[in-house]
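Take a look at the structure below.
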Number of protein chains: 2
Amino acid sequence: MSSLFVRTLREDPADAEVPSHRWLVRAGYIRRAAPGIYTWLPLGLKVLAKVERIVREEMDAIGAQEVRFPALLPREPYEATNRWTEYGPNLFRLQDRKGVDLLLGPTHEEMFTLLVKDLFSSYKDLPLSLYQIQTKYRDEARPRAGLLRGREFVMKDSYSFDVDDAGLQASYDAHRRAYIAIFDRLGLDYVIVKATSGAMGGSASEEFLVLAENGEDTFVRSPGGYAANVEAVTTPAPAPVPFADAPAPRPLPSPGDTTIDLLVVRLNAELPRADRPWTGADTLKNVVFMLIRPDGTREPLVIGLPGDRDVDPKRLDAAVAPAEVAPFEAEDFERFPALVKGYIGPQVLGASSPSRIRYVVDPRVVTGTRWVTGANEVDLHVVDLVAGRDFTPDGVLDVAEVREGDPAPDGSGPLTLARGIEMGHIFQLGRKYAEALGLKVLDANGKLVTVTMGSYGVGVSRAVAAVAENTCDDKGLAWPRALAPFDVHVLATGKDAAALAAAEDLAAELARHGIEVLLDDRKASPGVKFTDAELLGMPTSVVFGRRLADGMVEVRDRASGDRVEVPVAEVAAHLVALVRGS
Amino acid sequence: MSSLFVRTLREDPADAEVPSHRWLVRAGYIRRAAPGIYTWLPLGLKVLAKVERIVREEMDAIGAQEVRFPALLPREPYEATNRWTEYGPNLFRLQDRKGVDLLLGPTHEEMFTLLVKDLFSSYKDLPLSLYQIQTKYRDEARPRAGLLRGREFVMKDSYSFDVDDAGLQASYDAHRRAYIAIFDRLGLDYVIVKATSGAMGGSASEEFLVLAENGEDTFVRSPGGYAANVEAVTTPAPAPVPFADAPAPRPLPSPGDTTIDLLVVRLNAELPRADRPWTGADTLKNVVFMLIRPDGTREPLVIGLPGDRDVDPKRLDAAVAPAEVAPFEAEDFERFPALVKGYIGPQVLGASSPSRIRYVVDPRVVTGTRWVTGANEVDLHVVDLVAGRDFTPDGVLDVAEVREGDPAPDGSGPLTLARGIEMGHIFQLGRKYAEALGLKVLDANGKLVTVTMGSYGVGVSRAVAAVAENTCDDKGLAWPRALAPFDVHVLATGKDAAALAAAEDLAAELARHGIEVLLDDRKASPGVKFTDAELLGMPTSVVFGRRLADGMVEVRDRASGDRVEVPVAEVAAHLVALVRGS
């Protein structure tokens, strides 16, 4: 400790939002270099290296081969797949001295595809899985939470190449097993959920989420075992409703009713139902956004959904990607007079209507359902507007918020919601990239077939934070043995030179057993040493203190707080057994 | 080999200028991703990892502590030291989505200085040496020779921090020892030469150059042990010459004599000397360049040197850095009429002359020397122009070419020239960065003192190429044991299944001994396998071929080409002993 490059801090960093960020900075594991960009100090780098080793071992175990791509990449391959544009402002772009466009790689599908195309040409060369552990870049709009959402970060990304769908499934399954092994070894508390594939394209996809209150991802689970990222939850569509007997729509003057709540109050007051009161679920809320395509073109998008639900911004983002949505501003309403703010109704919407404004609906808005909704005039609503009779949506967009108690789409019971940190993501990409970049091989019959691919990622630097988030307490970090920068923290707190000498002897003896020891040899008070040991979070510490005169030392377990006294003559053997798990 | 991600190529890459580049690409160790930017394939990455491990072990051995900085860095620290500007077009610059300036780090002096300033504050915290093994970026004007001069590359850079000069010297000496250990372990044929510190600032500096015909660096050696990068060679200045008796300068009409050779012919014809013929060394050649400062301002710079010497562009570049020089163009001569092309003389030059054009001279142009030189008029020269009497230079600039046979500056004999690859560089930076960025600590008396720093670099990815360059032959790569991706290459060339089965048995047995084995199990001809084995370059290969029927296998040494027959029952033990060096 007297020579280690570390300084523990007594104050939280100003921008710390989550415990892992606070403790990793205060314990001197990482240091901010720029927003979302961190320097690894010696202790942090040791943890990172241990995560990397675990990931590498498990990838090697499934026969994946390690390569390393540059981070600085040419534009052309990303142009071929349109991601140069689709990534929008999330991509760091630059030009070299000759004005040639380059980018800092956020993910490497294109480069791997081209490399395999470059070197391999036959079905006999496949299956193939390649991976890299490499620094990646993403110009996040809001870098936050330290290592959890940074702009420069370490990822393990791998890619599988197969001749057919069965091969892809096998490669996908192998990666799934490897990921389970990795996250088990990291000691993370995680769930595997269905996921959307977002901008990556492709079909089947699952996420490995670490349970964490501060996680950015919301996911759902059902008692029957359904689990999905909230973006991936599908809402079962009810059966169509017969509407032959439905009354004709009629206007409902509704001065000032610009919210669903006001409208429901009016309905119950002026048109009370016999069977039950009106609720927000009887109304059709039409929410308008400005859709911005990757090429920069903009058009209004109106989403109709039951009035008791809101649009979930993350589900919406995932559903429209690679396009983005922006709020619909006052000047936008001026440009599109068909949209009457607060009174939008579907009667004037749709690609085939005069307004040509795109109109999509929640899956619950099936043919025959009857709605109270806007009449496209200020202070006017309409009652008994029937889907499929009085209006026809352009399609379904399943982006309403998911709620506790909603039914799981597979009928496995009511959903509960929780939050997590995305630690891994496995995709069946299929042939999207191979087609765009012309990766074909000769099959057994000598025919050219397009290769099918998978793409698999682990957040390696993020794992350091996720483990910290899962294990820290109100005193600091508390590493599991597999990841701690040192196995044992030896503290010499006794006042006389004998304590330090005995501590040094133990440190030397443990080192001979291959155990990594951090020795606190500083001239500091016992209180400072104890506080720092708890902050730094080695799993086991040994105190050479007052009781050394009686031949005893104290062994402390950081996670449980348990303390046992051990005779100094036996402590080395005791610690070796502890560290080796025997 | 049947599942390894490798394809050997029969053709040289089009841009291969040096053997290491050719063989690393043809053997499937690296693959070009963009100009000066390479992907590491599995075999190459294994070599790189072994180099990294050696570097890491030797840095740890001198007590340096590993950290890792980001590659994407903020502008401000580089602004504070003026390197944002001084790096010119060599720096990759970019902006993030908010328009904030960032750069891709070419070297990290500023960031390390700020980190230590951030965390440490007392002389008790020093000495401190920190290092990183990290990806660096430099937008080379002419990336070439594969890994030898790339735009994205892996460096080990370290930085030492001391309170005083003696501490800096000790840190520098420790790094020097570590570098010797590293380059010895890499098996490189290298020399340590005095170097200039270039844009890094600072004083003492040495380079570790690997001897290589294709090296970009020229260096000199003397029989007495002097060794220096050609940029760092200093020319001893002769003693001043008494000039009281020197005749007055007189004009020499010289129509058409725009070269030194023509002038010397005329001198010997029209003004023959009694003692000896005139030579170019009697003339003063004045060469004009346009000097471009980092801030973009331009001014002429005239260099006077003996007419039998040329300016060495690399020595000039190093001497004027961070400024640069450009050719002096026809339109420049128009703007500066004092400079008469082909007839420039020092009479009208110098900061205190009416022209104010800066005039510097070679160290040999000492006070009292007599010269034939231009008279600043077309077709006119002047004889007996005396330095210190008839002209006064603004200073000395030691940039003339160094020649075989020139005296070493320390009197250790005549110099010989050779070429090398710069593999390491150690600098005593001194206080330049600490002063610019305010890195001070309290000394033992409680007084703030500026820290003194060293900066030390090893080209880690370049080392892969340098070792290849040092060891390859006309058949391919030939790795030393310390760096080979596999220890032993096992070839099953026999036609029957028994050869492959025996080869597999050996591979399995060697693996049990912790030996890394590459097994060629492909259905390919013996010729293909032998050619590939020589191309890939594992130090030892074993052939299970025709002689297996007699119980014999052949063990081949890649470097020497030696082959021995070994009974199959003994080959495992034979190989274990070989690999372990016992």
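Residues in the structure tokens are named by chain (A, B, ... in the order shown) and by number from 1 within that chain; ligands are numbered from 1 in the order shown.
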
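All chain B residues having an atom within 7 Å of chain A, based on only C-alpha atoms, amount to B:Arg7, B:Ala34, B:Ile37, B:Tyr38, B:Thr39, B:Trp40, B:Leu41, B:Pro42, B:Leu45, B:Gln65, B:Glu66, B:Val67, B:Arg68, B:Phe69, B:Pro70, B:Pro74, B:Pro89, B:Phe92, B:Leu94, B:Asp96, B:Arg97, B:Leu119, B:Asp139.
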
DSSP on the backbone, then: every residue of range 89-310 of chain A marked alpha helix (DSSP H), written as a PyMOL selection string.
chain A and resi 109-119+165-185+260-270

Work out how far CA of Arg403 in chain B is from CA of Leu415 in chain B, in Å to one decimal.
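Result for CA of Leu415 in chain B versus CA of Arg403 in chain B: 7.5 Å, one decimal.
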
At a cut-off of 12 Å, using only C-alpha atoms, what residues contact Glu509 in chain A? Leave out same-chain residues fewer than 3 positions from it and give the result as a VMD selection string.
chain A and resid 490 502 to 506 512 to 517 569 to 573 575 to 576

Same residues, C-alpha atoms, output as a short mmCIF file (atom, residue, chain, number, x, y, z; two decimals), in the first residue's frame:
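Once everything was written out, this is result.cif:
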```
data_model
loop_
_atom_site.label_atom_id
_atom_site.label_comp_id
_atom_site.auth_asym_id
_atom_site.auth_seq_id
_atom_site.Cartn_x
_atom_site.Cartn_y
_atom_site.Cartn_z
CA VAL A 490 -2.74 -8.04 5.21
CA ALA A 502 5.04 -10.54 11.19
CA ALA A 503 2.72 -9.16 8.52
CA GLU A 504 5.59 -9.04 6.06
CA ASP A 505 6.51 -12.63 6.90
CA LEU A 506 2.97 -13.78 6.21
CA ARG A 512 5.35 -18.40 -2.11
CA HIS A 513 2.01 -20.26 -2.34
CA GLY A 514 1.08 -18.18 -5.38
CA ILE A 515 -1.41 -16.10 -3.41
CA GLU A 516 -1.68 -12.43 -4.34
CA VAL A 517 -1.27 -10.29 -1.25
CA ALA A 569 1.37 -20.00 13.38
CA GLU A 570 -1.66 -21.40 11.61
CA VAL A 571 -2.81 -18.38 9.66
CA ALA A 572 -0.90 -19.10 6.46
CA ALA A 573 -2.40 -22.59 6.13
CA LEU A 575 -5.61 -18.56 4.30
CA VAL A 576 -4.27 -20.93 1.66
#
```

Show which residues sit within 9 Å of Asp12 in chain B, as number ranges by chain. Count only C-alpha atoms, and ignore same-chain residues fewer than 5 positions away.
B: 22-23, 25-26

Range 92-196 of chain A: which residues are strand (DSSP E) by DSSP, as a ChimeraX atom specification?
/A:92-95,101-104,128-137,152-162,190-194

Taking only C-alpha atoms into account, which of B:Val320, B:Ala533, B:Val47, B:Ala145 comes nearest Ser20 in chain B?
B:Ala145

Exercise: Ala269 in chain B partners within 12 Å, only C-alpha atoms, chain neighbours under 5 positions left out, as a VMD selection string:
chain B and resid 254 262 to 264 277 to 278

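Nearest residue to Ala181 in chain B, choosing from B:Ala330, B:Leu147, B:Ala61, B:Ala166 and counting only C-alpha atoms: B:Ala61.
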
All residues 6 Å or closer to Pro143 in chain A, only C-alpha atoms, same chain fewer than 4 positions away omitted, as an MDAnalysis selection string:
chainID A and resid 36 149:150

Dump as a compact mmCIF listing (two decimals), in the first residue's frame, selection limited to N, CA and C atoms:
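Listing of part.txt after writing:
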```txt
# COMPACT_ATOMS: atom_id res chain seq x y z
N GLY A 36 -17.72 9.75 -19.89
CA GLY A 36 -17.90 8.39 -20.41
C GLY A 36 -16.61 7.71 -20.80
N ARG A 149 -22.23 2.80 -18.67
CA ARG A 149 -22.56 3.32 -19.99
C ARG A 149 -21.51 4.34 -20.39
N GLY A 150 -20.45 3.82 -20.98
CA GLY A 150 -19.34 4.69 -21.35
C GLY A 150 -19.27 4.89 -22.85
```

Distance of CA of Pro247 in chain B from CA of Pro354 in chain B, expressed in Å to one decimal place
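Going from CA of Pro354 in chain B over to CA of Pro247 in chain B, I get 25.6 Å.
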
Which residue, B:Glu76, B:Asp312, B:Asp332, B:Asp496, has the smallest gap to Val233 in chain B when you use only C-alpha atoms?
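So, comparing all the options, the nearest one is B:Asp312.
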
Selection: 6 Å around range 222-232 of chain B, only C-alpha atoms, excl. self and same-chain fewer than 6 positions, as a tab-separated table (two decimals) with C-alpha atoms, in the first residue's frame:
```
chain	number	residue	atom	x	y	z
B	193	VAL	CA	22.24	4.60	-29.61
B	194	LYS	CA	22.12	8.20	-28.50
B	195	ALA	CA	19.02	9.85	-29.82
B	196	THR	CA	17.42	13.21	-30.16
B	315	ARG	CA	18.60	15.49	-39.40
B	412	SER	CA	36.47	7.30	-30.53
B	413	GLY	CA	37.36	6.86	-34.20
B	414	PRO	CA	35.80	6.94	-37.63
B	415	LEU	CA	32.07	6.33	-37.94
```

What's the separation between CA of Leu301 in chain A and CA of Ile344 in chain A, in Å to one decimal place?
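It comes out at 12.1 Å.
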